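Asks: Just upload-v7.cif, nothing more (mmCIF, C-alpha atoms):
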data_input
loop_
_atom_site.label_atom_id
_atom_site.label_comp_id
_atom_site.auth_asym_id
_atom_site.auth_seq_id
_atom_site.Cartn_x
_atom_site.Cartn_y
_atom_site.Cartn_z
CA MET A 1 0.00 0.00 0.00
CA THR A 2 1.32 3.44 -0.94
CA LEU A 3 2.01 5.57 2.12
CA LEU A 4 3.68 8.61 0.56
CA GLU A 5 3.15 9.96 -2.93
CA VAL A 6 5.14 12.91 -4.24
CA LYS A 7 3.82 14.43 -7.47
CA ASN A 8 5.61 16.95 -9.70
CA LEU A 9 7.22 18.93 -6.88
CA LYS A 10 8.75 22.23 -7.90
CA LYS A 11 10.39 24.74 -5.58
CA VAL A 12 11.66 28.16 -6.65
CA TYR A 13 13.24 30.56 -4.17
CA THR A 14 13.54 34.29 -4.74
CA THR A 15 16.70 35.80 -3.29
CA ARG A 16 16.06 38.60 -0.81
CA PHE A 17 18.32 41.31 -2.18
CA SER A 18 18.75 40.67 -5.89
CA GLY A 19 15.33 39.19 -6.58
CA ASN A 20 16.92 36.37 -8.59
CA HIS A 21 15.06 33.07 -8.89
CA VAL A 22 16.77 29.88 -7.72
CA GLN A 23 15.14 26.61 -8.70
CA ALA A 24 15.82 24.06 -5.94
CA LEU A 25 13.42 21.38 -7.23
CA THR A 26 12.41 21.09 -10.87
CA ASP A 27 10.04 18.13 -11.11
CA VAL A 28 10.27 15.49 -8.38
CA SER A 29 7.90 12.52 -8.38
CA PHE A 30 8.15 9.24 -6.48
CA SER A 31 6.19 7.09 -4.04
CA VAL A 32 7.02 5.18 -0.87
CA GLU A 33 5.19 2.02 0.14
CA GLU A 34 4.28 1.19 3.74
CA GLY A 35 7.18 -0.54 5.44
CA GLU A 36 9.82 0.67 2.97
CA TYR A 37 13.26 1.98 3.97
CA VAL A 38 14.29 4.60 1.42
CA ALA A 39 17.47 6.67 1.31
CA ILE A 40 17.81 9.91 -0.66
CA MET A 41 21.27 10.90 -1.89
CA GLY A 42 22.74 13.68 -4.00
CA GLU A 43 25.52 16.22 -4.13
CA SER A 44 25.33 19.41 -2.06
CA GLY A 45 22.88 21.77 -3.74
CA SER A 46 21.04 18.95 -5.51
CA GLY A 47 17.76 19.75 -3.73
CA LYS A 48 17.54 16.86 -1.28
CA THR A 49 17.37 19.04 1.85
CA THR A 50 14.68 21.20 0.25
CA LEU A 51 12.78 18.02 -0.58
CA LEU A 52 13.05 16.75 3.00
CA ASN A 53 11.81 20.08 4.39
CA ILE A 54 8.75 19.90 2.15
CA LEU A 55 8.06 16.28 3.13
CA ALA A 56 8.34 17.35 6.79
CA ALA A 57 5.80 20.13 6.16
CA LEU A 58 8.43 22.69 7.20
CA ASP A 59 8.33 24.34 3.77
CA LYS A 60 5.82 24.52 0.95
CA PRO A 61 6.55 23.80 -2.71
CA THR A 62 5.95 26.31 -5.48
CA SER A 63 3.79 23.64 -7.10
CA GLY A 64 3.06 19.94 -6.79
CA GLU A 65 1.55 17.60 -4.22
CA VAL A 66 2.73 15.56 -1.24
CA LEU A 67 0.16 12.94 -0.27
CA LEU A 68 0.50 11.05 3.01
CA GLN A 69 -2.09 8.28 2.98
CA GLY A 70 -3.98 10.33 0.41
CA LYS A 71 -3.95 13.59 2.40
CA ASP A 72 -2.21 16.50 0.71
CA ILE A 73 0.07 17.94 3.39
CA VAL A 74 0.79 20.98 1.21
CA ALA A 75 -2.83 22.07 1.66
CA ILE A 76 -2.86 21.81 5.48
CA SER A 77 -3.28 25.17 7.18
CA GLU A 78 -0.53 26.71 9.33
CA LYS A 79 -2.84 26.38 12.33
CA GLU A 80 -3.10 22.61 11.92
CA ILE A 81 0.36 21.74 10.66
CA SER A 82 2.12 21.29 14.03
CA ALA A 83 -0.48 18.82 15.24
CA PHE A 84 -0.30 16.99 11.91
CA ARG A 85 3.47 16.57 12.26
CA ARG A 86 3.18 15.22 15.82
CA GLN A 87 0.46 12.75 14.83
CA ASN A 88 2.02 11.44 11.62
CA LEU A 89 5.75 12.11 11.40
CA GLY A 90 8.80 11.23 13.48
CA PHE A 91 12.05 13.15 13.08
CA VAL A 92 15.69 12.17 13.60
CA PHE A 93 18.23 14.96 13.03
CA GLN A 94 22.00 15.03 12.61
CA ASP A 95 22.47 17.27 15.67
CA PHE A 96 19.97 15.34 17.86
CA ASN A 97 17.87 18.44 18.75
CA LEU A 98 17.65 17.45 22.42
CA LEU A 99 17.02 20.08 25.08
CA ASP A 100 19.86 20.17 27.63
CA THR A 101 17.54 21.45 30.37
CA PHE A 102 15.34 18.34 30.03
CA SER A 103 16.28 14.83 31.08
CA VAL A 104 16.57 12.20 28.34
CA GLN A 105 13.18 10.84 29.40
CA ASP A 106 11.51 14.25 29.25
CA ASN A 107 13.02 14.90 25.81
CA ILE A 108 11.49 11.65 24.57
CA PHE A 109 8.15 12.49 26.19
CA LEU A 110 7.98 15.98 24.67
CA PRO A 111 5.86 15.24 21.56
CA LEU A 112 3.39 13.28 23.72
CA VAL A 113 3.23 16.11 26.26
CA LEU A 114 2.42 18.52 23.44
CA SER A 115 -0.32 16.12 22.32
CA GLY A 116 -1.83 16.05 25.82
CA LYS A 117 -1.12 12.38 26.60
CA ALA A 118 -1.34 11.18 30.21
CA TYR A 119 1.87 10.29 32.05
CA ARG A 120 0.77 6.66 32.43
CA GLU A 121 0.36 6.35 28.66
CA MET A 122 3.74 7.97 28.03
CA SER A 123 5.49 5.63 30.46
CA LYS A 124 3.78 2.61 28.93
CA ARG A 125 5.04 3.56 25.47
CA LEU A 126 8.56 4.41 26.63
CA LYS A 127 9.41 1.19 28.46
CA PRO A 128 9.67 -1.17 25.46
CA LEU A 129 11.29 1.53 23.33
CA ALA A 130 13.96 2.24 25.94
CA GLU A 131 14.71 -1.46 26.27
CA ASN A 132 14.96 -2.01 22.50
CA LEU A 133 17.19 1.05 22.07
CA ARG A 134 19.30 0.25 25.14
CA ILE A 135 18.74 3.59 26.85
CA SER A 136 16.83 2.46 29.97
CA ASP A 137 19.85 3.28 32.15
CA ILE A 138 20.24 6.88 30.93
CA LEU A 139 16.63 8.11 31.07
CA ALA A 140 17.26 10.20 34.20
CA LYS A 141 20.43 11.76 32.80
CA PHE A 142 20.66 14.98 30.81
CA PRO A 143 21.84 15.08 27.17
CA TYR A 144 25.19 16.67 28.10
CA GLU A 145 25.90 13.67 30.35
CA VAL A 146 25.63 10.99 27.64
CA SER A 147 27.51 10.06 24.45
CA GLY A 148 26.60 11.06 20.91
CA GLY A 149 25.38 7.55 20.15
CA GLN A 150 23.16 7.57 23.25
CA LYS A 151 21.78 10.98 22.28
CA GLN A 152 20.88 9.71 18.84
CA ARG A 153 19.19 6.61 20.25
CA ALA A 154 17.19 8.90 22.52
CA ALA A 155 16.26 10.97 19.46
CA VAL A 156 15.10 7.78 17.71
CA ALA A 157 12.96 6.95 20.75
CA ARG A 158 11.43 10.44 20.61
CA ALA A 159 10.66 9.92 16.91
CA LEU A 160 9.05 6.52 17.49
CA ILE A 161 7.08 7.18 20.67
CA THR A 162 4.25 8.85 18.75
CA ASN A 163 3.84 5.72 16.56
CA PRO A 164 4.40 7.78 13.40
CA LYS A 165 3.34 6.71 9.96
CA LEU A 166 6.70 7.89 8.59
CA VAL A 167 10.11 8.54 10.15
CA LEU A 168 12.14 11.25 8.40
CA ALA A 169 15.86 11.13 9.13
CA ASP A 170 18.21 13.96 8.13
CA GLU A 171 21.88 12.81 8.07
CA PRO A 172 21.26 10.68 11.20
CA THR A 173 24.84 9.33 11.31
CA GLY A 174 26.50 12.66 10.46
CA ALA A 175 27.57 13.55 14.01
CA LEU A 176 28.47 10.01 15.10
CA ASP A 177 31.72 8.06 15.14
CA SER A 178 31.91 4.85 13.11
CA ARG A 179 30.92 2.57 15.98
CA ALA A 180 27.89 4.65 16.96
CA SER A 181 26.94 4.95 13.27
CA ASP A 182 26.99 1.18 12.85
CA ASP A 183 24.89 0.84 15.99
CA LEU A 184 22.31 3.34 14.73
CA LEU A 185 22.10 1.71 11.30
CA GLU A 186 21.42 -1.65 12.93
CA ILE A 187 18.63 -0.02 14.94
CA PHE A 188 17.12 1.54 11.81
CA SER A 189 17.20 -1.83 10.05
CA LYS A 190 15.54 -3.50 13.02
CA ILE A 191 12.70 -0.98 13.37
CA ASN A 192 12.16 -1.14 9.61
CA GLN A 193 11.91 -4.94 9.79
CA GLU A 194 9.27 -4.44 12.48
CA GLY A 195 7.21 -2.43 9.98
CA GLN A 196 8.29 1.19 10.43
CA THR A 197 8.54 3.21 7.21
CA ILE A 198 11.76 5.27 7.03
CA LEU A 199 12.87 7.98 4.62
CA MET A 200 16.47 9.07 5.17
CA VAL A 201 18.51 11.84 3.56
CA THR A 202 22.22 11.06 3.76
CA HIS A 203 25.65 11.76 2.26
CA SER A 204 26.89 8.47 3.67
CA THR A 205 27.17 5.62 1.18
CA LYS A 206 27.43 3.21 4.09
CA ALA A 207 24.19 4.49 5.64
CA ALA A 208 22.38 4.35 2.31
CA SER A 209 23.57 0.78 1.70
CA HIS A 210 21.32 -0.37 4.57
CA ALA A 211 18.18 0.97 2.85
CA GLY A 212 15.97 -1.10 0.62
CA ARG A 213 15.92 1.58 -2.08
CA VAL A 214 18.08 4.60 -2.86
CA LEU A 215 16.84 7.65 -4.77
CA PHE A 216 19.47 9.92 -6.33
CA ILE A 217 18.62 13.61 -6.72
CA LYS A 218 20.47 15.67 -9.32
CA ASP A 219 19.67 19.23 -10.41
CA GLY A 220 16.41 19.19 -8.49
CA ALA A 221 14.99 15.99 -9.98
CA VAL A 222 15.15 12.23 -9.41
CA PHE A 223 18.11 11.11 -11.53
CA HIS A 224 18.08 7.38 -10.78
CA GLN A 225 17.06 4.81 -8.20
CA LEU A 226 18.51 1.53 -6.97
CA TYR A 227 16.66 -1.37 -5.38
CA LYS A 228 18.60 -3.49 -2.92
CA GLY A 229 16.62 -6.69 -3.30
CA SER A 230 18.75 -9.61 -2.14
CA LEU A 231 22.05 -7.71 -2.37
CA SER A 232 24.35 -7.63 0.63
CA ASN A 233 25.20 -4.29 2.23
CA GLU A 234 28.62 -4.53 0.63
CA ALA A 235 27.25 -5.12 -2.88
CA MET A 236 24.72 -2.31 -2.44
CA TYR A 237 27.54 -0.04 -1.24
CA GLN A 238 29.41 -0.66 -4.49
CA LYS A 239 26.37 0.01 -6.67
CA ILE A 240 25.70 3.27 -4.82
CA SER A 241 29.35 4.31 -5.19
CA ASP A 242 29.23 3.63 -8.93
CA THR A 243 26.10 5.73 -9.34
CA LEU A 244 27.55 8.62 -7.31
CA ASN A 245 30.65 8.55 -9.53
CA ILE A 246 28.46 8.81 -12.62
CA ILE A 247 26.61 11.78 -11.12
CA ALA A 248 29.86 13.49 -10.09
CA THR A 249 31.42 13.09 -13.56
CA GLY A 250 28.31 14.25 -15.40
CA GLY A 251 27.52 10.89 -16.98
CA GLY A 252 24.17 9.62 -18.13
CA ARG A 253 21.69 7.59 -16.15
CA ASN A 254 23.02 4.43 -14.53
CA GLU A 255 20.70 1.70 -15.77
#
Reformat the file's structure so that it appears as structure tokens.

Replies:
Amino acid sequence: MTLLEVKNLKKVYTTRFSGNHVQALTDVSFSVEEGEYVAIMGESGSGKTTLLNILAALDKPTSGEVLLQGKDIVAISEKEISAFRRQNLGFVFQDFNLLDTFSVQDNIFLPLVLSGKAYREMSKRLKPLAENLRISDILAKFPYEVSGGQKQRAAVARALITNPKLVLADEPTGALDSRASDDLLEIFSKINQEGQTILMVTHSTKAASHAGRVLFIKDGAVFHQLYKGSLSNEAMYQKISDTLNIIATGGGRNE
């Protein structure tokens, strides 16, 4: 079943001082099925961050549609958009976005607090998440007291605790060392196997090699896509590397 459908997205920015037009997205169309794990890659300036911001309902396209279970998020009013994000989307950011004045537990609870959930319900949801993500022993600590890998696992818990339809991850391994990155990628694979749909923007070939499908953005449009199928992570890594080389050297589509 199709969860996310992106149709003919176009985004044009007008620079503040010169009034010049900058086209960030030209014509982006793709769909994501329920339970998929999709990575989006592309060179800096290719439009992938703009695309993610539109999918997260943080920005609006110049034209086009973004349908989440058939609902066009582009048409949602500013008054309703925050509640829509909390109810449908989970976010994992490169820089964790944890509040240092809140404990790890309170950071994870925050989207449920904003939704008016009772403490008993929040605790019930947190317990299995904390166990699966191996953060039960740091819940009372503050973000500045734990490692980068622990912060990111707490951020994943915060993203999942609302039972989102879609998790959007923006360079989730970007601030982590190799060991913590490997740990996070294993977690992402596990939660995807349990049915969670994930859409991840990344520069990391290694991170993308864990996804079931990789979309490559070039000049504001989908240039190519790769399906992992039965490939190993290592074989997928090589195919991704080959495609990135073609993009970097200005070659044609990698079929």

Asks: Which one of A:Leu67, A:Ile81, A:Ile198, A:Ile161 sits closest to Gly35 in chain A if you count only C-alpha atoms?

Replies: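 The closest residue to Gly35 in chain A is A:Ile198.
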
Asks: Could you give me, as a ChimeraX atom specification, the residues within 10 Å of range 105-108 of chain A, counting all atoms listed in the file and dropping anything in the same chain fewer than 6 positions from it?

Replies: /A:97-99,122-123,126,130,135-136,138-143,154-162

Asks: Using the chain letters and numbers from this file, what does the PyMOL selection byres ((chain A and resi 212) around 10) select? Give the answer as an NGL selection string.

Replies: :A and (36-39 or 189 or 192 or 198 or 208-211 or 213-214 or 226-231 or 233 or 236)

Asks: Have a look at CA of Ala221 in chain A and CA of Ala56 in chain A and let me know their distance in Å, one decimal.

Replies: 18.1 Å

Asks: Would you compute the distance between CA of Ser204 in chain A and CA of Leu184 in chain A? Give it in Å to one decimal.

Replies: 13.0 Å

Asks: When distances are computed from all atoms listed in the file, which of A:Val146, A:Val66, A:Leu51, A:Leu58 shows the smallest separation from Asp100 in chain A?

Replies: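 The closest residue to Asp100 in chain A is A:Val146.
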
Asks: Identify which of the residues A:Leu166, A:Ile247, A:Ala83, A:Ala24 lies closest to Gly116 in chain A, counting all atoms listed in the file when measuring atom-to-atom distances.

Replies: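 Smallest distance to Gly116 in chain A is found for A:Ala83.
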
Asks: Residues picked by the PyMOL selection byres ((chain A and resi 87) around 12) here, as an MDAnalysis selection string?

Replies: chainID A and resid 68 80:86 88:91 111:112 114:117 159:167

Asks: Mind dumping the selected residues with C-alpha atoms as a PDB file, keeping the file's coordinate frame?

Replies:
ATOM      1  CA  LEU A  68       0.500  11.050   3.010  1.00  0.00           C
ATOM      2  CA  GLU A  80      -3.100  22.610  11.920  1.00  0.00           C
ATOM      3  CA  ILE A  81       0.360  21.740  10.660  1.00  0.00           C
ATOM      4  CA  SER A  82       2.120  21.290  14.030  1.00  0.00           C
ATOM      5  CA  ALA A  83      -0.480  18.820  15.240  1.00  0.00           C
ATOM      6  CA  PHE A  84      -0.300  16.990  11.910  1.00  0.00           C
ATOM      7  CA  ARG A  85       3.470  16.570  12.260  1.00  0.00           C
ATOM      8  CA  ARG A  86       3.180  15.220  15.820  1.00  0.00           C
ATOM      9  CA  ASN A  88       2.020  11.440  11.620  1.00  0.00           C
ATOM     10  CA  LEU A  89       5.750  12.110  11.400  1.00  0.00           C
ATOM     11  CA  GLY A  90       8.800  11.230  13.480  1.00  0.00           C
ATOM     12  CA  PHE A  91      12.050  13.150  13.080  1.00  0.00           C
ATOM     13  CA  PRO A 111       5.860  15.240  21.560  1.00  0.00           C
ATOM     14  CA  LEU A 112       3.390  13.280  23.720  1.00  0.00           C
ATOM     15  CA  LEU A 114       2.420  18.520  23.440  1.00  0.00           C
ATOM     16  CA  SER A 115      -0.320  16.120  22.320  1.00  0.00           C
ATOM     17  CA  GLY A 116      -1.830  16.050  25.820  1.00  0.00           C
ATOM     18  CA  LYS A 117      -1.120  12.380  26.600  1.00  0.00           C
ATOM     19  CA  ALA A 159      10.660   9.920  16.910  1.00  0.00           C
ATOM     20  CA  LEU A 160       9.050   6.520  17.490  1.00  0.00           C
ATOM     21  CA  ILE A 161       7.080   7.180  20.670  1.00  0.00           C
ATOM     22  CA  THR A 162       4.250   8.850  18.750  1.00  0.00           C
ATOM     23  CA  ASN A 163       3.840   5.720  16.560  1.00  0.00           C
ATOM     24  CA  PRO A 164       4.400   7.780  13.400  1.00  0.00           C
ATOM     25  CA  LYS A 165       3.340   6.710   9.960  1.00  0.00           C
ATOM     26  CA  LEU A 166       6.700   7.890   8.590  1.00  0.00           C
ATOM     27  CA  VAL A 167      10.110   8.540  10.150  1.00  0.00           C
TER      28      VAL A 167
END
